[in-house]
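Colleague: This structure is in structure tokens; I'll ask about it shortly.
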Amino acid sequence: MPNDNTSPKILVFSTDKISDPGIDQAGLRKIHYSPSVYVINMPCSSGVKPRWILHAFEKGFDGVFIAADGHECSYSASCPERTNDIIIASQKLMAEKNINPKRIRMAALCSVCAEPFVSHMENFSKILAGLEE
Amino acid sequence: MRQRIGVYICHCGGNISDYVDVEELSKMFHKEDGVVVSKDVMFACADSNQKAMVEDIQQYNLDAIVVASCSPKLHLHTFRAVAGRAGLNPNNYVQVNIREQCSWPHSDRPREATVKAAGLIRAGINRVVYSEALDSIEIEVKKAAMVIGAGISGMKAAIDLARAGNEVYLVEKDYFVGGHIAQQEKLFMTGQSGKEIVKRLYDEMKSYKNITVFTGATVSKVTGSLGSFNIEVKVKPRFINGKMDKQSVKRVMDDCQVTVRDRFNEGLTTRKAIYKNYPEALPDVPVVDMEALRDHPDFLEKHKAVINPNEQEETIALLAGSVLVTTGFDNYEPKEGEFGYKNIPNVITLPQLNRLMELSPEKLVYNGKEIRSVAFIYCVGSRQKKGENKYCSRQCCTSTIYTALQLKEKYGKIQNYHLYRDIRTYGKQEILYDRASKQGDLFFKYEEKELPTVEMNGNAITLKVKDYLTNKKELEITPDLVVLVTGMVARADAPHISELFKIPIGNDKFFNEIHPKLKPVETVIKGVYIGGTCQGPKNVSEAVQSSLAGASKITALLKSGTVMGDPVVARIDADVCTWCGKCAEVCDYTAIRETITKAGKHIAGVNRSVCTGCGICAPVCPVNAIEVAKYTDHEIEAMIDGFAAEVEIREEDVSAVNEGKEDFVAAHMKEYPQIWKDILDTLDTEKKTIPEMVDTLNMAPEMVTWHLMTMNKYGVVSPAGTNDKEEYYYYKIK
């Protein structure tokens with residue numbers, strides 16, 4: 001069966017203790033978002049490697065979203081800055097491959113942030129759908 | 001690489017299979033390379049299915065399993081245990097979340113939900129192919145615990161730890177134990193004095209030979225990790241000759257005329273330079289304030305038999321398997337001019353009033369004036385939208401109202417005015433609020449945007465407030481005393497403790513637990529726990545509850561002499577690493593240090609018992625020499641490949657997702673999860689309402705309701721009329 005879903009394909013990196021439970025909450029409350037959103041959960045958003053992000057683009061993902069712990073991170077107070085560094089490093093690699101830097105985004109999500117997650121996905125999908133390259 | 005994989009796709013009684021064609025998916029993955037078993041099961045978590053999985057693993061010699069069902073937060077440990085029972089390494093199991101992150105959020109689009117589930121499961125299979133049979137890290141633990149902070153939380157925890165047979169080192173920064181509680185004349189709700197409680201706990205501690213109390217002591221250095229923390233403690237001198245009898249020491253105290261501001265009495269009085277916080281303070285050994293006596297050599301010479309000015313600070317090295325931090329809080333200190341603080345004479349804080357009351361046995365007098373009316377301004381330094389302390393300090397509403405009740409009880413005719421934003425006397429504390437209202441206290445509600453003002457008007461204080469209870473009417477009060485209800489803030493030395501033990505600090509500057517509900521006293525540092533008010537504002541009961549939880553965790557940890565550490569830690573590719581040090585720079589836990597291989601190569605070395613597995617080191621490595629177990633490049637990239645792969649599912653099967661579901665469910669009765677069986681047991685003899693089932697099962701109402709509705713949907717149970725009051729439906733077995 002072909003996938004007739006035309007929404008942009010988004011890879012989300014979530015975190016085990018904070019943002020992934022928030023994404024689960026969206027499901028638990030049957031708040032709908034695009035089925036083109038796929039999630040990989042990590043211990044901490046500071047541990048996402050830029051090469052994985054590049055790999056996702058090479059495999060056809062339209063966007064990558066890092067659902068970070070922000071200041072709630074239980075590992076490191078510098079988590080937001082470190083995650084931001086990963087975004088910057090990724091965008092440099094993306095530039096080398098002519099991938100629009102707008103195809104990567106990050107936002108802090110809490111463990112009950114169901115609506116904010118869905119809202120982020122909707123907004124990001126719109127941005128991705130509107131990109132002209 | 002794993003080559004004999006079992007895949008189990010759960011219907012979850014329709015929660016998944018109503019929207020995702022799990023039968024078709026199980027057929028599809030049966031054809032996948034490396035997949036030996038692929039099954040769709042009614043409830044993956046049901047006992048019968050767990051047994052079947054164990055049999056499959058053994059019969060088909062499976063070397064890995066994938067379970068596609070609910071969120072890993074629910075059943076990760078269930079299926080790890082299944083793998084373990086079958087002789088499979090639990091790390092050769094991957095959980096795929098096709099419920100919370102697929103069937104439920106995409107219930108509006110079952111066709112796409114099935115396609116997505118296929119991608120998720122394929123990613124799980126790809127990941128498990130690269131999964132490693134990781135062994136947990138066995139760590140020896142010293143059966144000794146250090147508790148830092150000897151307030152009520154620390155003392156209670158120390159006693160519990162000692163009772164369980166652990167060696168306990170209790171380290172207190174002050175020269176006397178008890179912390180803030182010793183400053184309270186009476187405590188809600190028993191009415192006991194704080195000093196009585198401190199004495200009782202201290203006496204109990206002394207009855208345990210395995211508790212060593214260090215006062216005037218601070219932690220200065222920490223090395224090591226879970227199981228063996230090497231901790232250096234510096235103990236300040238008391239400058240008292242320990243061989244002298246108590247009478248001789250008392251004579252010197254009586255003779256001392258040098259006084260300084262008394263911190264214990266919140267600066268309301270002075271104390272002598274040889275002092276105890278209060279006469280019964282413990283340990284029962286005074287302290288010489290050598291700084292205050294520095295300019296009094298004659299006094300020191302006169303009493304040289306008792307005072308030893310040359311006593312030196314002592315450094316003690318201790319070894320502890322685990323650490324409980326119960327360092328407590330500081331009171332918020334209002335800024336100069338904040339509601340007239342320090343500028344207007346009769347404006348004090350709540351902690352100051354509490355001390356003033358204890359020091360004033362008959363009449364309440366301040367600045368030479370007898371106090372007949374008191375106005376409390378709540379939330380000073382708390383719930384600040386623009387300030388630093390955004391949080392509610394939680395205990396101050398109750399503390400204030402209890403103090404107001406004590407004012408009337410102790411001094412008779414005193415009028416109390418309460419200027420509050422919201423009253424938060426939760427739980428049993430609400431009784432106090434009611435009592436204060438009945439005794440004639442007056443309550444005025446203000447908002448942060450229109451704060452009350454405090455001014456001097458001649459010799460009197462004028463307090464103006466816009467009262468939101470009377471349509472913002474501006475009221476004027478002329479109280480004898482204005483009391484600023486200040487909240488709790490993180491201790492000034494919290495960053496120092498954080499730096500020593502690497503405990504994360506939150507935005508509120510208190511210590512951060514891993515998870516407020518699921519791991520409320522654990523920190524990300526293995527073996528380091530937090531309890532009491534060092535993790536946020538709490539009342540006494542809550543503080544003790546959390547410290548005792550920490551003590552229980554430590555007792556369980558130290559009990560066996562060894563603990564199994566999580567194998568999900570960073571590791572270095574020695575061939576690739578060239579030691580640039582960037583990984584060590586970003587590691588908050590100093591888990592990475594430069595090491596030299598046998599071949600003489602300088603590389604990064606990971607202390608596996610310290611590493612938290614956060615992975616922060618991996619992206620910063622310029623040569624990609626670091627990876628975290630279970631989050632390797634192979635595994636993550638293979639997952640991405642799985643998401644991206646084309647999915648081929650026969651269309652007609654997806655459109656018929658719900659056909660024949662009831663029959664299918666009925667045919668799989670034996671696979672019901674335990675909660676369904678429990679519900680059916682309660683309905684075995686008679687019909688019941690949901691509240692009756694909740695009482696019988698002792699479960700959360702929403703849990704019973706949720707499962708009952710699913711059972712109803714598939715014809716396992718059915719409604720059987722309403723109860724007499726027509727409030728609830730009865731349910732019976734269908």
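Chain labels follow the order of the structure tokens: the first chain is A, the next B, and so on; residue numbering restarts at 1 in every chain, and ligands are counted from 1 in their shown order.
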Neighbouring residues of Phe65 (chain A) were defined as those with any atom within 7 Å, considering only C-alpha atoms; residues of the same chain fewer than 3 positions away were excluded. Please report them as JSON, numbers by chain.

Modeller: {"A": [11, 12, 13, 104, 105, 106]}

Colleague: Let's have the selection written as a PDB file, in the first residue's frame, with C-alpha atoms.

Modeller:
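The result, stored in selection.pdb:
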ATOM      1  CA  LEU A  11      12.044  13.092  12.699  1.00  0.00           C
ATOM      2  CA  VAL A  12      11.779  14.090  16.353  1.00  0.00           C
ATOM      3  CA  PHE A  13      14.514  13.455  18.900  1.00  0.00           C
ATOM      4  CA  ILE A 104      15.949  21.817  11.708  1.00  0.00           C
ATOM      5  CA  ARG A 105      14.291  23.232  14.805  1.00  0.00           C
ATOM      6  CA  MET A 106      14.450  22.791  18.535  1.00  0.00           C
TER       7      MET A 106
END

Colleague: Which residues, written as a PDB file with C-alpha atoms, in the first residue's frame, have at least one atom at most 12 Å from Asp254 (chain B), with only C-alpha atoms counted and residues fewer than 6 positions away on the same chain left out?

Modeller:
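Result written to out-v5.pdb:
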ATOM      1  CA  GLN B 247      31.011  24.474  85.422  1.00  0.00           C
ATOM      2  CA  SER B 248      34.378  25.969  84.506  1.00  0.00           C
ATOM      3  CA  ARG B 271      24.772  36.999  72.095  1.00  0.00           C
ATOM      4  CA  LYS B 272      28.028  36.580  73.961  1.00  0.00           C
ATOM      5  CA  ALA B 273      31.243  35.696  72.163  1.00  0.00           C
ATOM      6  CA  ILE B 274      31.191  32.351  73.966  1.00  0.00           C
ATOM      7  CA  TYR B 275      27.820  30.931  73.223  1.00  0.00           C
ATOM      8  CA  HIS B 303      40.748  32.044  80.646  1.00  0.00           C
TER       9      HIS B 303
END

Colleague: If I take CA of Arg82 (chain A) and CA of Glu100 (chain B), how far is one from the other in Å, to one decimal?

Modeller: 28.8 Å

Colleague: List the neighbours of Asn265 (chain B) out to 8 Å using only C-alpha atoms; skip same-chain residues closer than 2 positions along the sequence, and give me the result as a ChimeraX atom specification.

Modeller: /B:183,262-263,267-269,352,355-356

Colleague: From a backbone DSSP assignment, name each residue in region 200-302 of chain B labelled alpha helix (DSSP H), as an MDAnalysis selection string.

Modeller: chainID B and resid 200:206 246:255 290:293 297:302

Colleague: Any idea what's packed within 8 Å of region 193-195 of chain B, counting only C-alpha atoms, ignoring anything in its chain fewer than 4 positions away? Could you give it as number ranges by chain?

Modeller: B: 178, 181-187, 199, 280-281

Colleague: Include all heavy atoms and write out the residues we just selected as an mmCIF file, in the first residue's frame.

Modeller:
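So the final result, stored in selection02.cif, reads:
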data_model
loop_
_atom_site.group_PDB
_atom_site.id
_atom_site.type_symbol
_atom_site.label_atom_id
_atom_site.label_comp_id
_atom_site.auth_asym_id
_atom_site.auth_seq_id
_atom_site.Cartn_x
_atom_site.Cartn_y
_atom_site.Cartn_z
ATOM 1 N N GLY B 178 19.821 20.769 64.531
ATOM 2 C CA GLY B 178 18.420 21.202 64.634
ATOM 3 C C GLY B 178 17.953 22.090 63.507
ATOM 4 O O GLY B 178 16.777 22.094 63.166
ATOM 5 N N ILE B 181 14.260 24.364 62.656
ATOM 6 C CA ILE B 181 13.176 23.913 63.530
ATOM 7 C C ILE B 181 13.418 24.327 64.985
ATOM 8 O O ILE B 181 12.478 24.581 65.747
ATOM 9 C CB ILE B 181 12.977 22.382 63.384
ATOM 10 C CG1 ILE B 181 11.634 21.984 63.968
ATOM 11 C CG2 ILE B 181 14.071 21.601 64.013
ATOM 12 C CD1 ILE B 181 11.355 20.530 63.854
ATOM 13 N N ALA B 182 14.702 24.452 65.370
ATOM 14 C CA ALA B 182 15.023 24.848 66.748
ATOM 15 C C ALA B 182 14.579 26.284 67.033
ATOM 16 O O ALA B 182 14.464 26.686 68.185
ATOM 17 C CB ALA B 182 16.526 24.701 66.985
ATOM 18 N N GLN B 183 14.333 27.036 65.978
ATOM 19 C CA GLN B 183 13.900 28.441 66.164
ATOM 20 C C GLN B 183 12.391 28.559 66.351
ATOM 21 O O GLN B 183 11.886 29.650 66.550
ATOM 22 C CB GLN B 183 14.305 29.280 64.944
ATOM 23 C CG GLN B 183 15.815 29.402 64.776
ATOM 24 C CD GLN B 183 16.154 30.106 63.473
ATOM 25 O OE1 GLN B 183 15.893 29.584 62.393
ATOM 26 N NE2 GLN B 183 16.721 31.288 63.576
ATOM 27 N N GLN B 184 11.675 27.449 66.243
ATOM 28 C CA GLN B 184 10.210 27.490 66.330
ATOM 29 C C GLN B 184 9.758 27.148 67.743
ATOM 30 O O GLN B 184 10.037 26.065 68.240
ATOM 31 C CB GLN B 184 9.596 26.485 65.338
ATOM 32 C CG GLN B 184 9.944 26.743 63.896
ATOM 33 C CD GLN B 184 9.289 28.001 63.352
ATOM 34 O OE1 GLN B 184 8.186 28.347 63.735
ATOM 35 N NE2 GLN B 184 9.990 28.706 62.478
ATOM 36 N N GLU B 185 9.020 28.082 68.348
ATOM 37 C CA GLU B 185 8.534 27.827 69.706
ATOM 38 C C GLU B 185 7.479 26.734 69.706
ATOM 39 O O GLU B 185 7.447 25.879 70.578
ATOM 40 C CB GLU B 185 7.946 29.125 70.288
ATOM 41 C CG GLU B 185 7.568 29.002 71.747
ATOM 42 C CD GLU B 185 6.955 30.283 72.293
ATOM 43 O OE1 GLU B 185 6.526 31.131 71.490
ATOM 44 O OE2 GLU B 185 6.912 30.440 73.527
ATOM 45 N N LYS B 186 6.606 26.771 68.722
ATOM 46 C CA LYS B 186 5.546 25.758 68.631
ATOM 47 C C LYS B 186 5.359 25.371 67.173
ATOM 48 O O LYS B 186 5.452 26.218 66.292
ATOM 49 C CB LYS B 186 4.218 26.296 69.168
ATOM 50 C CG LYS B 186 4.034 26.113 70.652
ATOM 51 C CD LYS B 186 2.604 26.450 71.020
ATOM 52 C CE LYS B 186 2.357 26.162 72.504
ATOM 53 N NZ LYS B 186 0.951 26.386 72.855
ATOM 54 N N LEU B 187 5.052 24.085 66.965
ATOM 55 C CA LEU B 187 4.883 23.604 65.590
ATOM 56 C C LEU B 187 3.488 23.057 65.378
ATOM 57 O O LEU B 187 2.967 22.321 66.220
ATOM 58 C CB LEU B 187 5.901 22.496 65.292
ATOM 59 C CG LEU B 187 7.351 22.936 65.179
ATOM 60 C CD1 LEU B 187 8.269 21.749 65.307
ATOM 61 C CD2 LEU B 187 7.577 23.636 63.858
ATOM 62 N N LYS B 199 15.824 17.825 70.704
ATOM 63 C CA LYS B 199 16.427 17.073 71.815
ATOM 64 C C LYS B 199 16.085 15.585 71.710
ATOM 65 O O LYS B 199 16.941 14.723 71.874
ATOM 66 C CB LYS B 199 15.935 17.636 73.154
ATOM 67 C CG LYS B 199 16.605 16.945 74.347
ATOM 68 C CD LYS B 199 16.231 17.532 75.664
ATOM 69 C CE LYS B 199 16.986 16.893 76.832
ATOM 70 N NZ LYS B 199 17.212 15.481 76.747
ATOM 71 N N GLU B 280 19.722 25.058 75.766
ATOM 72 C CA GLU B 280 19.673 23.587 75.668
ATOM 73 C C GLU B 280 20.234 23.093 74.333
ATOM 74 O O GLU B 280 20.079 21.917 73.992
ATOM 75 C CB GLU B 280 18.217 23.094 75.794
ATOM 76 C CG GLU B 280 17.464 23.557 77.024
ATOM 77 C CD GLU B 280 16.906 24.962 76.866
ATOM 78 O OE1 GLU B 280 16.647 25.377 75.720
ATOM 79 O OE2 GLU B 280 16.760 25.668 77.878
ATOM 80 N N ALA B 281 20.883 23.955 73.570
ATOM 81 C CA ALA B 281 21.358 23.557 72.232
ATOM 82 C C ALA B 281 22.317 22.372 72.330
ATOM 83 O O ALA B 281 23.067 22.230 73.303
ATOM 84 C CB ALA B 281 22.053 24.738 71.548
#

Colleague: Which polymer residues have any atom within 12 Å of an atom of Ser78 (chain A), counting only C-alpha atoms, with same-chain residues fewer than 6 positions away left out, as a PyMOL selection string?

Modeller: (chain A and resi 44-46+68-72+84-85) or (chain B and resi 504-507+586-588+616)

Colleague: Now that the selection is made, can you save its residues with N, CA and C atoms as a PDB file, in the first residue's frame?

Modeller:
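Listing of out22.pdb after writing:
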ATOM      1  N   CYS A  44      19.273  12.358  26.667  1.00  0.00           N
ATOM      2  CA  CYS A  44      19.347  13.823  26.784  1.00  0.00           C
ATOM      3  C   CYS A  44      19.500  14.401  25.385  1.00  0.00           C
ATOM      4  N   SER A  45      18.880  15.543  25.157  1.00  0.00           N
ATOM      5  CA  SER A  45      18.948  16.138  23.818  1.00  0.00           C
ATOM      6  C   SER A  45      20.367  16.604  23.480  1.00  0.00           C
ATOM      7  N   SER A  46      21.210  16.768  24.486  1.00  0.00           N
ATOM      8  CA  SER A  46      22.605  17.151  24.221  1.00  0.00           C
ATOM      9  C   SER A  46      23.400  16.006  23.619  1.00  0.00           C
ATOM     10  N   ALA A  68      13.748  19.258  23.231  1.00  0.00           N
ATOM     11  CA  ALA A  68      14.772  19.293  24.276  1.00  0.00           C
ATOM     12  C   ALA A  68      14.154  19.409  25.673  1.00  0.00           C
ATOM     13  N   ASP A  69      14.980  19.113  26.668  1.00  0.00           N
ATOM     14  CA  ASP A  69      14.527  19.243  28.061  1.00  0.00           C
ATOM     15  C   ASP A  69      14.577  20.687  28.534  1.00  0.00           C
ATOM     16  N   GLY A  70      15.355  21.502  27.841  1.00  0.00           N
ATOM     17  CA  GLY A  70      15.526  22.890  28.286  1.00  0.00           C
ATOM     18  C   GLY A  70      16.139  22.933  29.674  1.00  0.00           C
ATOM     19  N   HIS A  71      15.676  23.871  30.466  1.00  0.00           N
ATOM     20  CA  HIS A  71      16.252  24.030  31.808  1.00  0.00           C
ATOM     21  C   HIS A  71      15.763  22.971  32.781  1.00  0.00           C
ATOM     22  N   GLU A  72      14.817  22.138  32.357  1.00  0.00           N
ATOM     23  CA  GLU A  72      14.366  21.060  33.232  1.00  0.00           C
ATOM     24  C   GLU A  72      15.291  19.855  33.165  1.00  0.00           C
ATOM     25  N   ASN A  84      21.764  23.612  21.561  1.00  0.00           N
ATOM     26  CA  ASN A  84      21.854  24.671  20.546  1.00  0.00           C
ATOM     27  C   ASN A  84      23.135  24.520  19.717  1.00  0.00           C
ATOM     28  N   ASP A  85      24.236  24.152  20.397  1.00  0.00           N
ATOM     29  CA  ASP A  85      25.500  23.919  19.677  1.00  0.00           C
ATOM     30  C   ASP A  85      25.323  22.815  18.624  1.00  0.00           C
TER      31      ASP A  85
ATOM     32  N   PRO B 504      22.444  18.522  39.880  1.00  0.00           N
ATOM     33  CA  PRO B 504      21.884  19.614  39.080  1.00  0.00           C
ATOM     34  C   PRO B 504      21.027  20.556  39.922  1.00  0.00           C
ATOM     35  N   ILE B 505      21.054  21.817  39.543  1.00  0.00           N
ATOM     36  CA  ILE B 505      20.257  22.843  40.221  1.00  0.00           C
ATOM     37  C   ILE B 505      19.205  23.345  39.242  1.00  0.00           C
ATOM     38  N   GLY B 506      17.989  23.539  39.730  1.00  0.00           N
ATOM     39  CA  GLY B 506      16.900  23.984  38.864  1.00  0.00           C
ATOM     40  C   GLY B 506      16.855  25.501  38.722  1.00  0.00           C
ATOM     41  N   ASN B 507      15.891  25.965  37.951  1.00  0.00           N
ATOM     42  CA  ASN B 507      15.716  27.410  37.775  1.00  0.00           C
ATOM     43  C   ASN B 507      15.443  28.120  39.092  1.00  0.00           C
ATOM     44  N   VAL B 586      33.039  18.957  28.597  1.00  0.00           N
ATOM     45  CA  VAL B 586      31.578  19.105  28.668  1.00  0.00           C
ATOM     46  C   VAL B 586      30.928  18.176  29.691  1.00  0.00           C
ATOM     47  N   CYS B 587      31.699  17.216  30.211  1.00  0.00           N
ATOM     48  CA  CYS B 587      31.110  16.262  31.162  1.00  0.00           C
ATOM     49  C   CYS B 587      30.967  16.923  32.526  1.00  0.00           C
ATOM     50  N   ASP B 588      29.727  17.082  32.978  1.00  0.00           N
ATOM     51  CA  ASP B 588      29.471  17.722  34.274  1.00  0.00           C
ATOM     52  C   ASP B 588      29.846  16.810  35.440  1.00  0.00           C
ATOM     53  N   ILE B 616      26.208  13.577  26.401  1.00  0.00           N
ATOM     54  CA  ILE B 616      26.586  14.954  26.071  1.00  0.00           C
ATOM     55  C   ILE B 616      27.987  15.013  25.434  1.00  0.00           C
TER      56      ILE B 616
END

Colleague: With distances taken over only C-alpha atoms, which of B:Ser38, B:Thr400, B:Asn346, B:Asn166 is nearest to Met146 (chain B)?

Modeller: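 The shortest atom-to-atom distance to Met146 (chain B) comes from B:Asn166.
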
Colleague: Taking only C-alpha atoms into account and nothing else, which residues of chain A lie no more than 6 Å away from chain B? Please answer as a PyMOL selection string.

Modeller: chain A and resi 1+24+27-28+30-32+43-44+46-47+49+74

Colleague: Rounded to one decimal, what separation in Å do you get between CA of Ala162 (chain B) and CA of Val177 (chain B)?

Modeller: 17.3 Å

Colleague: Which residues come within 8 Å of region 479-494 of chain B, counting only C-alpha atoms, excluding same-chain residues fewer than 6 positions away, as a ChimeraX atom specification?

Modeller: /B:327-334,339,346-351,353,371-382,389,392-393,395-396,400,460-463,508-511,534,536-537

Colleague: Considering only C-alpha atoms, can you say which of A:Arg29, A:Pro8, A:Val39, A:Cys73 comes closest to Cys110 (chain A)?

Modeller: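 Between A:Arg29, A:Pro8, A:Val39, A:Cys73, the residue approaching Cys110 (chain A) most closely is A:Cys73.
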
Colleague: Between A:Ala129, A:Ala107, A:Ala89, A:Ala26, single out the one closest to Ile53 (chain A), counting only C-alpha atoms.

Modeller: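 Answer, going by the shortest atom-to-atom distance: A:Ala89.
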
Colleague: Which of region 385-549 of chain B end up as strand (DSSP E or B) when DSSP is run on this backbone - answer as a PyMOL selection string?

Modeller: chain B and resi 415-420+442-445+447+450+453-457+460-467+473-477+481-486+488-490+505+511+515+519+522+528-530
